>>> print(open('target02.json').read())   # JSON, C-alpha atoms and all ligand atoms
[["chain", "number", "residue", "atom", "x", "y", "z"],
["A", 1, "MET", "CA", 50.36, 157.67, 82.27],
["A", 2, "ASN", "CA", 52.17, 159.42, 85.14],
["A", 3, "LYS", "CA", 50.80, 162.88, 85.90],
["A", 4, "ILE", "CA", 53.37, 163.79, 88.54],
["A", 5, "THR", "CA", 56.10, 166.34, 87.67],
["A", 6, "PHE", "CA", 59.79, 165.97, 88.45],
["A", 7, "GLN", "CA", 59.44, 168.79, 90.97],
["A", 8, "GLU", "CA", 56.54, 167.10, 92.77],
["A", 9, "LEU", "CA", 58.37, 163.78, 92.81],
["A", 10, "ILE", "CA", 61.44, 165.38, 94.40],
["A", 11, "LYS", "CA", 59.24, 167.14, 96.93],
["A", 12, "GLN", "CA", 57.47, 163.94, 98.01],
["A", 13, "ALA", "CA", 60.71, 161.97, 98.15],
["A", 14, "THR", "CA", 62.56, 164.71, 100.07],
["A", 15, "ASN", "CA", 59.74, 164.81, 102.56],
["A", 16, "LYS", "CA", 59.94, 161.04, 103.17],
["A", 17, "LEU", "CA", 63.73, 161.27, 103.60],
["A", 18, "GLU", "CA", 63.51, 164.21, 106.01],
["A", 19, "VAL", "CA", 60.88, 162.48, 108.13],
["A", 20, "ALA", "CA", 63.24, 159.48, 108.37],
["A", 21, "ASN", "CA", 66.16, 161.80, 109.16],
["A", 22, "GLU", "CA", 68.02, 160.64, 106.08],
["A", 23, "ASN", "CA", 70.07, 162.58, 103.54],
["A", 24, "ALA", "CA", 67.61, 164.46, 101.31],
["A", 25, "ASN", "CA", 70.06, 164.42, 98.37],
["A", 26, "ILE", "CA", 69.15, 160.77, 97.85],
["A", 27, "ALA", "CA", 65.89, 161.96, 96.19],
["A", 28, "ARG", "CA", 67.89, 163.64, 93.43],
["A", 29, "THR", "CA", 70.52, 160.88, 93.17],
["A", 30, "LEU", "CA", 67.77, 158.32, 92.54],
["A", 31, "LEU", "CA", 66.06, 160.62, 90.07],
["A", 32, "LEU", "CA", 69.23, 161.13, 88.05],
["A", 33, "TYR", "CA", 69.63, 157.36, 87.95],
["A", 34, "PHE", "CA", 66.03, 156.76, 86.81],
["A", 35, "THR", "CA", 66.06, 159.47, 84.14],
["A", 36, "LYS", "CA", 69.69, 159.16, 83.01],
["A", 37, "LEU", "CA", 69.62, 162.97, 82.83],
["A", 38, "ASN", "CA", 72.47, 165.13, 84.08],
["A", 39, "GLN", "CA", 71.89, 167.82, 86.74],
["A", 40, "ASN", "CA", 71.37, 170.61, 84.22],
["A", 41, "GLU", "CA", 68.88, 168.64, 82.16],
["A", 42, "LEU", "CA", 66.99, 167.73, 85.32],
["A", 43, "TYR", "CA", 66.69, 171.40, 86.36],
["A", 44, "GLN", "CA", 65.44, 172.33, 82.90],
["A", 45, "ASN", "CA", 62.74, 169.66, 83.13],
["A", 46, "LEU", "CA", 61.48, 170.21, 86.67],
["A", 47, "ASP", "CA", 57.98, 171.29, 85.59],
["A", 48, "LYS", "CA", 57.56, 168.39, 83.10],
["A", 49, "ASN", "CA", 55.77, 165.14, 83.88],
["A", 50, "ILE", "CA", 58.04, 162.20, 84.63],
["A", 51, "ASP", "CA", 58.29, 159.61, 81.88],
["A", 52, "PHE", "CA", 58.90, 156.55, 84.08],
["A", 53, "SER", "CA", 56.97, 154.71, 86.76],
["A", 54, "ASP", "CA", 56.78, 156.70, 89.99],
["A", 55, "LYS", "CA", 55.96, 153.37, 91.67],
["A", 56, "GLU", "CA", 59.37, 151.98, 90.75],
["A", 57, "TYR", "CA", 61.03, 155.18, 91.95],
["A", 58, "PHE", "CA", 59.28, 155.02, 95.33],
["A", 59, "ASN", "CA", 60.04, 151.29, 95.63],
["A", 60, "ALA", "CA", 63.71, 152.12, 95.23],
["A", 61, "LEU", "CA", 63.37, 154.93, 97.77],
["A", 62, "ASP", "CA", 61.71, 152.51, 100.22],
["A", 63, "ARG", "CA", 64.60, 150.08, 99.86],
["A", 64, "PHE", "CA", 66.92, 152.93, 100.86],
["A", 65, "LEU", "CA", 64.67, 153.93, 103.76],
["A", 66, "LYS", "CA", 64.71, 150.30, 104.95],
["A", 67, "GLY", "CA", 68.49, 150.48, 105.16],
["A", 68, "GLU", "CA", 69.90, 149.24, 101.85],
["A", 69, "PRO", "CA", 72.94, 151.17, 100.59],
["A", 70, "ILE", "CA", 72.12, 153.48, 97.68],
["A", 71, "GLN", "CA", 74.92, 151.94, 95.57],
["A", 72, "TYR", "CA", 73.32, 148.48, 95.73],
["A", 73, "ILE", "CA", 69.95, 149.95, 94.72],
["A", 74, "ILE", "CA", 71.39, 151.85, 91.78],
["A", 75, "GLY", "CA", 73.69, 148.94, 90.94],
["A", 76, "GLU", "CA", 76.57, 150.94, 89.56],
["A", 77, "VAL", "CA", 79.49, 153.00, 90.85],
["A", 78, "TYR", "CA", 82.14, 155.17, 89.33],
["A", 79, "PHE", "CA", 85.68, 154.29, 90.44],
["A", 80, "TYR", "CA", 88.90, 155.88, 89.20],
["A", 81, "GLY", "CA", 87.10, 157.12, 86.09],
["A", 82, "TYR", "CA", 85.54, 153.77, 85.18],
["A", 83, "ASP", "CA", 82.01, 152.41, 85.52],
["A", 84, "PHE", "CA", 81.49, 149.31, 87.62],
["A", 85, "LYS", "CA", 78.50, 147.15, 88.34],
["A", 86, "ILE", "CA", 77.94, 146.70, 92.07],
["A", 87, "ASP", "CA", 75.55, 144.61, 94.14],
["A", 88, "SER", "CA", 75.43, 142.74, 97.43],
["A", 89, "ARG", "CA", 77.93, 140.16, 96.14],
["A", 90, "ALA", "CA", 80.81, 142.52, 96.97],
["A", 91, "LEU", "CA", 81.95, 145.42, 99.11],
["A", 92, "ILE", "CA", 80.89, 148.85, 97.84],
["A", 93, "PRO", "CA", 84.00, 150.60, 96.46],
["A", 94, "ARG", "CA", 85.13, 153.45, 98.73],
["A", 95, "TYR", "CA", 86.75, 156.68, 97.56],
["A", 96, "GLU", "CA", 89.78, 156.00, 99.80],
["A", 97, "THR", "CA", 90.62, 153.04, 97.61],
["A", 98, "GLU", "CA", 91.13, 155.41, 94.67],
["A", 99, "LEU", "CA", 94.02, 156.89, 96.65],
["A", 100, "LEU", "CA", 95.63, 153.45, 96.87],
["A", 101, "VAL", "CA", 95.27, 152.94, 93.11],
["A", 102, "GLU", "CA", 96.80, 156.37, 92.51],
["A", 103, "LYS", "CA", 99.76, 155.59, 94.79],
["A", 104, "ILE", "CA", 100.42, 152.28, 93.04],
["A", 105, "ILE", "CA", 100.34, 153.93, 89.62],
["A", 106, "ASN", "CA", 102.64, 156.79, 90.62],
["A", 107, "HIS", "CA", 105.15, 154.65, 92.50],
["A", 108, "SER", "CA", 105.21, 151.94, 89.83],
["A", 109, "ASP", "CA", 106.13, 154.56, 87.24],
["A", 110, "GLU", "CA", 109.12, 155.71, 89.30],
["A", 111, "TYR", "CA", 110.17, 152.45, 90.83],
["A", 112, "PHE", "CA", 109.91, 150.14, 87.84],
["A", 113, "VAL", "CA", 111.20, 152.45, 85.08],
["A", 114, "ASP", "CA", 113.17, 149.52, 83.65],
["A", 115, "ASN", "CA", 110.23, 147.09, 83.71],
["A", 116, "GLN", "CA", 107.73, 147.48, 80.87],
["A", 117, "ASN", "CA", 105.62, 144.43, 81.64],
["A", 118, "LEU", "CA", 104.70, 144.53, 85.30],
["A", 119, "LYS", "CA", 103.08, 141.48, 86.85],
["A", 120, "ILE", "CA", 100.58, 142.55, 89.46],
["A", 121, "VAL", "CA", 98.40, 140.60, 91.88],
["A", 122, "ASP", "CA", 95.37, 141.97, 93.75],
["A", 123, "ILE", "CA", 94.45, 139.92, 96.84],
["A", 124, "GLY", "CA", 90.78, 140.11, 97.95],
["A", 125, "THR", "CA", 89.61, 141.76, 94.76],
["A", 126, "GLY", "CA", 85.87, 141.96, 95.56],
["A", 127, "SER", "CA", 84.15, 143.69, 92.63],
["A", 128, "GLY", "CA", 87.53, 143.86, 90.85],
["A", 129, "ILE", "CA", 87.88, 147.64, 90.98],
["A", 130, "ILE", "CA", 91.56, 147.83, 91.94],
["A", 131, "ALA", "CA", 92.74, 145.19, 89.49],
["A", 132, "ILE", "CA", 90.68, 146.56, 86.60],
["A", 133, "ALA", "CA", 91.67, 150.20, 87.21],
["A", 134, "LEU", "CA", 95.36, 149.18, 87.33],
["A", 135, "ASN", "CA", 94.94, 147.12, 84.18],
["A", 136, "LYS", "CA", 93.48, 150.11, 82.36],
["A", 137, "GLU", "CA", 96.04, 152.60, 83.70],
["A", 138, "ILE", "CA", 99.35, 150.68, 83.62],
["A", 139, "THR", "CA", 100.15, 149.87, 80.01],
["A", 140, "ASN", "CA", 101.30, 146.34, 79.27],
["A", 141, "SER", "CA", 100.64, 145.14, 82.81],
["A", 142, "SER", "CA", 99.57, 141.55, 83.41],
["A", 143, "ILE", "CA", 97.15, 141.36, 86.28],
["A", 144, "TRP", "CA", 95.85, 138.48, 88.39],
["A", 145, "ALA", "CA", 93.25, 139.01, 91.08],
["A", 146, "SER", "CA", 91.84, 136.61, 93.63],
["A", 147, "ASP", "CA", 89.11, 136.27, 96.19],
["A", 148, "ILE", "CA", 87.81, 133.55, 98.47],
["A", 149, "ASP", "CA", 84.23, 134.52, 97.61],
["A", 150, "ASP", "CA", 83.00, 133.05, 94.31],
["A", 151, "ASP", "CA", 80.03, 135.44, 94.15],
["A", 152, "ALA", "CA", 82.40, 138.41, 94.29],
["A", 153, "LEU", "CA", 84.55, 136.78, 91.60],
["A", 154, "ALA", "CA", 81.51, 136.42, 89.31],
["A", 155, "LEU", "CA", 80.82, 140.15, 89.70],
["A", 156, "ALA", "CA", 84.50, 140.97, 89.12],
["A", 157, "ASN", "CA", 84.41, 139.00, 85.86],
["A", 158, "GLU", "CA", 81.32, 140.96, 84.76],
["A", 159, "ASN", "CA", 83.19, 144.19, 85.51],
["A", 160, "ASN", "CA", 86.17, 142.92, 83.54],
["A", 161, "LYS", "CA", 83.91, 142.62, 80.47],
["A", 162, "ILE", "CA", 82.11, 145.93, 81.06],
["A", 163, "ASN", "CA", 85.46, 147.73, 81.09],
["A", 164, "ASP", "CA", 87.02, 145.70, 78.31],
["A", 165, "ALA", "CA", 89.83, 144.79, 80.72],
["A", 166, "ASN", "CA", 92.05, 141.76, 80.75],
["A", 167, "VAL", "CA", 92.43, 140.70, 84.38],
["A", 168, "THR", "CA", 92.62, 137.00, 85.30],
["A", 169, "PHE", "CA", 90.30, 136.44, 88.26],
["A", 170, "LEU", "CA", 90.61, 133.27, 90.30],
["A", 171, "HIS", "CA", 89.57, 131.66, 93.55],
["A", 172, "SER", "CA", 92.24, 131.58, 96.25],
["A", 173, "ASP", "CA", 92.41, 131.67, 100.02],
["A", 174, "MET", "CA", 94.84, 134.58, 100.41],
["A", 175, "LEU", "CA", 98.13, 133.78, 98.59],
["A", 176, "ASN", "CA", 97.68, 129.99, 98.48],
["A", 177, "TYR", "CA", 96.95, 129.58, 94.75],
["A", 178, "PHE", "CA", 99.94, 131.70, 93.76],
["A", 179, "VAL", "CA", 102.31, 129.96, 96.18],
["A", 180, "GLU", "CA", 101.16, 126.50, 95.03],
["A", 181, "ASN", "CA", 101.59, 127.49, 91.38],
["A", 182, "LYS", "CA", 104.97, 129.10, 92.04],
["A", 183, "MET", "CA", 103.86, 132.41, 90.50],
["A", 184, "LYS", "CA", 105.97, 135.55, 90.92],
["A", 185, "PHE", "CA", 104.85, 139.19, 90.82],
["A", 186, "ASP", "CA", 106.41, 142.65, 90.85],
["A", 187, "ILE", "CA", 103.54, 144.28, 92.70],
["A", 188, "LEU", "CA", 101.13, 142.93, 95.30],
["A", 189, "VAL", "CA", 98.15, 145.10, 96.14],
["A", 190, "SER", "CA", 95.42, 144.45, 98.67],
["A", 191, "ASN", "CA", 92.53, 146.11, 100.41],
["A", 192, "PRO", "CA", 91.91, 143.24, 102.81],
["A", 193, "PRO", "CA", 89.06, 142.99, 105.31],
["A", 194, "TYR", "CA", 90.44, 145.06, 108.21],
["A", 195, "ILE", "CA", 87.63, 145.82, 110.63],
["A", 196, "SER", "CA", 88.03, 144.46, 114.16],
["A", 197, "ARG", "CA", 85.12, 142.83, 116.00],
["A", 198, "ASP", "CA", 85.15, 145.75, 118.47],
["A", 199, "GLU", "CA", 84.44, 148.25, 115.71],
["A", 200, "THR", "CA", 81.01, 146.74, 114.98],
["A", 201, "LYS", "CA", 79.68, 148.91, 117.80],
["A", 202, "ILE", "CA", 80.36, 152.10, 115.85],
["A", 203, "MET", "CA", 79.39, 150.85, 112.39],
["A", 204, "SER", "CA", 76.17, 151.73, 110.63],
["A", 205, "ASN", "CA", 73.53, 149.08, 110.02],
["A", 206, "ARG", "CA", 73.55, 150.06, 106.36],
["A", 207, "VAL", "CA", 77.04, 148.49, 106.20],
["A", 208, "LEU", "CA", 76.61, 145.68, 108.74],
["A", 209, "ASP", "CA", 73.30, 144.35, 107.43],
["A", 210, "HIS", "CA", 74.07, 144.57, 103.71],
["A", 211, "GLU", "CA", 77.76, 144.34, 102.84],
["A", 212, "PRO", "CA", 79.31, 140.83, 102.96],
["A", 213, "ASP", "CA", 80.84, 139.91, 106.35],
["A", 214, "VAL", "CA", 83.70, 138.21, 104.54],
["A", 215, "ALA", "CA", 84.65, 141.58, 103.00],
["A", 216, "LEU", "CA", 84.59, 143.49, 106.28],
["A", 217, "PHE", "CA", 86.17, 141.67, 109.18],
["A", 218, "GLY", "CA", 89.85, 140.96, 109.68],
["A", 219, "GLY", "CA", 89.53, 138.73, 112.74],
["A", 220, "GLU", "CA", 89.37, 139.92, 116.36],
["A", 221, "THR", "CA", 92.04, 142.58, 115.85],
["A", 222, "GLY", "CA", 91.36, 143.44, 112.20],
["A", 223, "LEU", "CA", 94.97, 142.55, 111.41],
["A", 224, "VAL", "CA", 94.96, 138.86, 110.48],
["A", 225, "TYR", "CA", 95.10, 139.39, 106.72],
["A", 226, "TYR", "CA", 97.99, 141.87, 106.89],
["A", 227, "GLU", "CA", 99.94, 139.37, 108.97],
["A", 228, "ASN", "CA", 99.08, 136.52, 106.60],
["A", 229, "ILE", "CA", 100.25, 138.56, 103.60],
["A", 230, "PHE", "CA", 103.45, 139.87, 105.25],
["A", 231, "LYS", "CA", 104.35, 136.34, 106.33],
["A", 232, "ASN", "CA", 103.93, 134.81, 102.86],
["A", 233, "ALA", "CA", 104.42, 137.66, 100.39],
["A", 234, "ARG", "CA", 108.09, 137.00, 99.60],
["A", 235, "LYS", "CA", 107.11, 133.55, 98.29],
["A", 236, "ILE", "CA", 105.25, 135.18, 95.39],
["A", 237, "LEU", "CA", 107.29, 138.34, 94.83],
["A", 238, "ASN", "CA", 110.28, 138.98, 92.59],
["A", 239, "PRO", "CA", 113.43, 140.25, 94.35],
["A", 240, "LYS", "CA", 112.53, 143.81, 93.33],
["A", 241, "PHE", "CA", 108.96, 144.31, 94.51],
["A", 242, "MET", "CA", 106.41, 146.75, 95.76],
["A", 243, "MET", "CA", 103.30, 146.14, 97.87],
["A", 244, "GLY", "CA", 100.38, 148.50, 98.44],
["A", 245, "PHE", "CA", 97.66, 148.23, 101.08],
["A", 246, "GLU", "CA", 94.65, 150.10, 102.26],
["A", 247, "MET", "CA", 94.31, 150.10, 106.04],
["A", 248, "GLY", "CA", 92.03, 151.18, 108.86],
["A", 249, "ALA", "CA", 92.49, 154.72, 110.14],
["A", 250, "PHE", "CA", 93.87, 153.60, 113.52],
["A", 251, "GLN", "CA", 96.01, 150.64, 112.49],
["A", 252, "LYS", "CA", 99.29, 152.37, 111.66],
["A", 253, "ASP", "CA", 101.22, 151.39, 114.83],
["A", 254, "ALA", "CA", 100.01, 147.80, 114.81],
["A", 255, "ILE", "CA", 100.78, 147.36, 111.11],
["A", 256, "GLU", "CA", 104.21, 148.93, 111.56],
["A", 257, "ALA", "CA", 104.94, 146.39, 114.30],
["A", 258, "LEU", "CA", 104.00, 143.61, 111.86],
["A", 259, "LEU", "CA", 106.26, 145.09, 109.16],
["A", 260, "ILE", "CA", 109.17, 145.01, 111.60],
["A", 261, "LYS", "CA", 108.28, 141.48, 112.73],
["A", 262, "TYR", "CA", 108.42, 140.25, 109.11],
["A", 263, "ASN", "CA", 111.58, 142.20, 108.32],
["A", 264, "PHE", "CA", 110.23, 144.87, 105.96],
["A", 265, "ASN", "CA", 112.09, 148.11, 106.57],
["A", 266, "ASN", "CA", 111.40, 150.25, 103.53],
["A", 267, "TYR", "CA", 107.84, 151.56, 103.64],
["A", 268, "GLN", "CA", 105.68, 154.68, 103.56],
["A", 269, "PHE", "CA", 102.31, 155.30, 105.18],
["A", 270, "SER", "CA", 100.08, 158.02, 103.78],
["A", 271, "LYS", "CA", 96.92, 159.83, 104.80],
["A", 272, "ASP", "CA", 93.59, 160.38, 103.09],
["A", 273, "TYR", "CA", 91.87, 163.76, 102.60],
["A", 274, "ALA", "CA", 90.33, 163.44, 106.06],
["A", 275, "ASP", "CA", 93.87, 163.35, 107.53],
["A", 276, "LYS", "CA", 93.55, 159.67, 108.51],
["A", 277, "TRP", "CA", 96.32, 157.11, 107.91],
["A", 278, "ARG", "CA", 94.96, 155.09, 105.04],
["A", 279, "ASN", "CA", 97.58, 153.59, 102.75],
["A", 280, "LEU", "CA", 100.82, 151.72, 103.03],
["A", 281, "ILE", "CA", 103.40, 151.21, 100.31],
["A", 282, "VAL", "CA", 106.20, 148.71, 100.98],
["A", 283, "PHE", "CA", 109.31, 148.33, 98.82],
["A", 284, "ASN", "CA", 111.86, 145.55, 98.90],
["A", 285, "ASN", "CA", 114.59, 146.28, 101.40],
["A", 286, "LEU", "CA", 117.23, 146.98, 98.77],
["A", 287, "LYS", "CA", 115.73, 150.15, 97.29],
["B", 1, "LIG", "C1", 87.64, 145.03, 102.01],
["B", 1, "LIG", "S1", 87.10, 143.95, 100.70],
["B", 1, "LIG", "C2", 87.92, 144.73, 99.33],
["B", 1, "LIG", "C3", 87.26, 144.50, 98.01],
["B", 1, "LIG", "C4", 87.86, 145.31, 96.86],
["B", 1, "LIG", "N1", 89.26, 144.99, 96.66],
["B", 1, "LIG", "C5", 87.69, 146.79, 97.11],
["B", 1, "LIG", "O1", 88.70, 147.45, 97.39],
["B", 1, "LIG", "O2", 86.56, 147.29, 97.05],
["B", 1, "LIG", "C6", 88.06, 142.51, 101.02],
["B", 1, "LIG", "C7", 87.90, 141.34, 100.07],
["B", 1, "LIG", "O3", 88.71, 140.25, 100.56],
["B", 1, "LIG", "C8", 88.02, 139.03, 100.34],
["B", 1, "LIG", "N2", 88.52, 138.01, 101.27],
["B", 1, "LIG", "C9", 88.16, 137.79, 102.55],
["B", 1, "LIG", "N3", 88.84, 136.74, 103.05],
["B", 1, "LIG", "C10", 89.66, 136.30, 102.07],
["B", 1, "LIG", "C11", 90.61, 135.23, 101.99],
["B", 1, "LIG", "N4", 90.85, 134.43, 103.01],
["B", 1, "LIG", "N5", 91.27, 135.06, 100.81],
["B", 1, "LIG", "C12", 91.02, 135.89, 99.76],
["B", 1, "LIG", "N6", 90.14, 136.91, 99.78],
["B", 1, "LIG", "C13", 89.47, 137.10, 100.93],
["B", 1, "LIG", "C14", 86.56, 139.39, 100.54],
["B", 1, "LIG", "O4", 85.71, 138.45, 99.91],
["B", 1, "LIG", "C15", 86.49, 140.79, 99.93],
["B", 1, "LIG", "O5", 86.13, 140.73, 98.59]]
>>> encode(input="target02.json", output="structure tokens")
Amino acid sequence: MNKITFQELIKQATNKLEVANENANIARTLLLYFTKLNQNELYQNLDKNIDFSDKEYFNALDRFLKGEPIQYIIGEVYFYGYDFKIDSRALIPRYETELLVEKIINHSDEYFVDNQNLKIVDIGTGSGIIAIALNKEITNSSIWASDIDDDALALANENNKINDANVTFLHSDMLNYFVENKMKFDILVSNPPYISRDETKIMSNRVLDHEPDVALFGGETGLVYYENIFKNARKILNPKFMMGFEMGAFQKDAIEALLIKYNFNNYQFSKDYADKWRNLIVFNNLK
């Protein structure tokens, strides 16, 4: 039987985190996960003995202190109002990506007023968050999502079930499967790998050592997947189309040059809450 109280557990864990110069809030985040209590319930129970194994709690804390991202330890994330399973098979969903989902939903409402059955494709779906959120939010949409990484696809399929969604996940190197099968879509969305090799110098080991390389790097410049998509997108898009991308904070000029190179001239970049260029929406040229 554990004799330690919630308060004592938080104190010990906070101490370990502070000594390691890590965010002390992780003590509480882990505790909420272990107890399934909400903040209020936790505060009301601080002087009670914990009813789970403190050993397991401190094992989880040690994994964090050794560098593993907290999301992989907890194994779940909340994205656009939905619960997703997450582990080292796929990139951890970032809050910026919610902004992309929001843009797609808002623009699709305005732009496709006459189309009640949108066909959408998500390239490089990872854990499936974008495709599944769009499937839940855009009524009557038919959604395909692809990845080159079969482990990520397995996780995406699990998330499809967890959320009672209806996305078709399949293996494809970029657009190849859809081109070969002559498929056509109204909307293409992608958060491709966009980190350049140079940027590794400023990235944290928590990301570099744990998240899949294939989900992070977009070649030497970080731009290879945008170029690949711009070059081939028209092969899988209906004449009236929209595309939406997440991008690196400093890629706007380079991506704009690629848009011009591939003859896209109707597009909008937008910023995230940190005032960084983050999303790109492209419409067909005939808007
Ligand atoms: C930045 S992650 C985005 C994952 C997810 N869409 C999200 O927003 O969290 C990029 C994804 O692209 C996939 N990917 C990398 N190279 C690819 C390729 N050649 N064809 C298809 N997908 C690829 C990776 O496996 C990874 O899941």
>>> atom_distance(input="target02.json", atom1="CA of Ile123 (chain A)", atom2="CA of Asp275 (chain A)")
25.8 Å
>>> residues_around(input="target02.json", residues="Ile260 (chain A)", least_positions_apart="4", cutoff="12 Å", atoms="only C-alpha atoms", output="list in words")
Glu227, Phe230, Lys231, Asp253, Ala254, Ile255, Glu256, Phe264, Asn265, Asn266, Tyr267, Val282 and Asn285 of chain A
>>> closest_residue(input="target02.json", among="A:Gln116, A:Thr125, A:Asn263, A:Gln39", to="Arg89 (chain A)", atoms="all atoms listed in the file")
A:Thr125
>>> atom_distance(input="target02.json", atom1="CA of Asn106 (chain A)", atom2="CA of Phe79 (chain A)")
17.1 Å
>>> closest_residue(input="target02.json", among="A:Ile10, A:Met183, A:Leu216, A:Ile143", to="ligand LIG 1 (chain B)", atoms="all atoms listed in the file")
A:Leu216
>>> residues_near_ligand(input="target02.json", ligand="ligand LIG 1 (chain B)", cutoff="7 Å", atoms="only C-alpha atoms and all ligand atoms", output="CSV table (one decimal) with C-alpha atoms, in the coordinates of the input")
chain,number,residue,atom,x,y,z
A,90,ALA,CA,80.8,142.5,97.0
A,91,LEU,CA,82.0,145.4,99.1
A,92,ILE,CA,80.9,148.8,97.8
A,93,PRO,CA,84.0,150.6,96.5
A,94,ARG,CA,85.1,153.4,98.7
A,97,THR,CA,90.6,153.0,97.6
A,123,ILE,CA,94.4,139.9,96.8
A,124,GLY,CA,90.8,140.1,98.0
A,125,THR,CA,89.6,141.8,94.8
A,126,GLY,CA,85.9,142.0,95.6
A,127,SER,CA,84.2,143.7,92.6
A,128,GLY,CA,87.5,143.9,90.8
A,129,ILE,CA,87.9,147.6,91.0
A,130,ILE,CA,91.6,147.8,91.9
A,146,SER,CA,91.8,136.6,93.6
A,147,ASP,CA,89.1,136.3,96.2
A,148,ILE,CA,87.8,133.6,98.5
A,149,ASP,CA,84.2,134.5,97.6
A,152,ALA,CA,82.4,138.4,94.3
A,172,SER,CA,92.2,131.6,96.2
A,173,ASP,CA,92.4,131.7,100.0
A,174,MET,CA,94.8,134.6,100.4
A,190,SER,CA,95.4,144.4,98.7
A,191,ASN,CA,92.5,146.1,100.4
A,192,PRO,CA,91.9,143.2,102.8
A,193,PRO,CA,89.1,143.0,105.3
A,194,TYR,CA,90.4,145.1,108.2
A,214,VAL,CA,83.7,138.2,104.5
A,215,ALA,CA,84.6,141.6,103.0
A,216,LEU,CA,84.6,143.5,106.3
>>> closest_residue(input="target02.json", among="A:Asn159, A:Gly222, A:Tyr80, A:Lys66", to="Glu96 (chain A)", atoms="only C-alpha atoms")
A:Tyr80
>>> axis_aligned_box(input="target02.json", around="region 181-198 of chain A", padding_each_side="5 Å", output="JSON")
{"center_x": 95.8, "center_y": 136.8, "center_z": 104.5, "size_x": 31.3, "size_y": 28.6, "size_z": 38.0}
>>> closest_residue(input="target02.json", among="A:Tyr82, A:Trp277, A:Tyr226, A:Tyr111", to="Asn135 (chain A)", atoms="all atoms listed in the file")
A:Tyr82
>>> atom_distance(input="target02.json", atom1="CA of Leu99 (chain A)", atom2="CA of Asp272 (chain A)")
7.3 Å
>>> decode(input="target02.json", residues="region 271-282 of chain A", atoms="N, CA and C atoms", output="PDB file, in the first residue's frame")
ATOM      1  N   LYS A 271      -0.201  33.858 -40.410  1.00  0.00           N
ATOM      2  CA  LYS A 271       0.726  33.732 -39.273  1.00  0.00           C
ATOM      3  C   LYS A 271       0.096  32.959 -38.123  1.00  0.00           C
ATOM      4  N   ASP A 272       0.933  32.459 -37.233  1.00  0.00           N
ATOM      5  CA  ASP A 272       0.414  31.816 -36.019  1.00  0.00           C
ATOM      6  C   ASP A 272       0.344  32.858 -34.890  1.00  0.00           C
ATOM      7  N   TYR A 273      -0.020  32.411 -33.682  1.00  0.00           N
ATOM      8  CA  TYR A 273      -0.179  33.356 -32.573  1.00  0.00           C
ATOM      9  C   TYR A 273       1.151  33.976 -32.150  1.00  0.00           C
ATOM     10  N   ALA A 274       2.253  33.328 -32.551  1.00  0.00           N
ATOM     11  CA  ALA A 274       3.569  33.876 -32.203  1.00  0.00           C
ATOM     12  C   ALA A 274       4.071  34.800 -33.302  1.00  0.00           C
ATOM     13  N   ASP A 275       3.159  35.201 -34.225  1.00  0.00           N
ATOM     14  CA  ASP A 275       3.472  36.135 -35.296  1.00  0.00           C
ATOM     15  C   ASP A 275       4.471  35.566 -36.309  1.00  0.00           C
ATOM     16  N   LYS A 276       4.490  34.237 -36.438  1.00  0.00           N
ATOM     17  CA  LYS A 276       5.382  33.602 -37.419  1.00  0.00           C
ATOM     18  C   LYS A 276       4.551  33.094 -38.603  1.00  0.00           C
ATOM     19  N   TRP A 277       5.086  33.255 -39.826  1.00  0.00           N
ATOM     20  CA  TRP A 277       4.392  32.721 -41.000  1.00  0.00           C
ATOM     21  C   TRP A 277       4.276  31.214 -40.844  1.00  0.00           C
ATOM     22  N   ARG A 278       3.082  30.675 -40.987  1.00  0.00           N
ATOM     23  CA  ARG A 278       2.909  29.279 -40.600  1.00  0.00           C
ATOM     24  C   ARG A 278       2.070  28.460 -41.570  1.00  0.00           C
ATOM     25  N   ASN A 279       1.120  29.136 -42.233  1.00  0.00           N
ATOM     26  CA  ASN A 279       0.224  28.393 -43.125  1.00  0.00           C
ATOM     27  C   ASN A 279       0.162  29.015 -44.495  1.00  0.00           C
ATOM     28  N   LEU A 280      -0.180  28.182 -45.452  1.00  0.00           N
ATOM     29  CA  LEU A 280      -0.358  28.645 -46.821  1.00  0.00           C
ATOM     30  C   LEU A 280      -1.620  28.011 -47.376  1.00  0.00           C
ATOM     31  N   ILE A 281      -2.490  28.839 -47.937  1.00  0.00           N
ATOM     32  CA  ILE A 281      -3.659  28.307 -48.639  1.00  0.00           C
ATOM     33  C   ILE A 281      -3.521  28.722 -50.105  1.00  0.00           C
ATOM     34  N   VAL A 282      -3.678  27.766 -51.002  1.00  0.00           N
ATOM     35  CA  VAL A 282      -3.564  28.033 -52.443  1.00  0.00           C
ATOM     36  C   VAL A 282      -4.903  27.697 -53.087  1.00  0.00           C
TER      37      VAL A 282
END
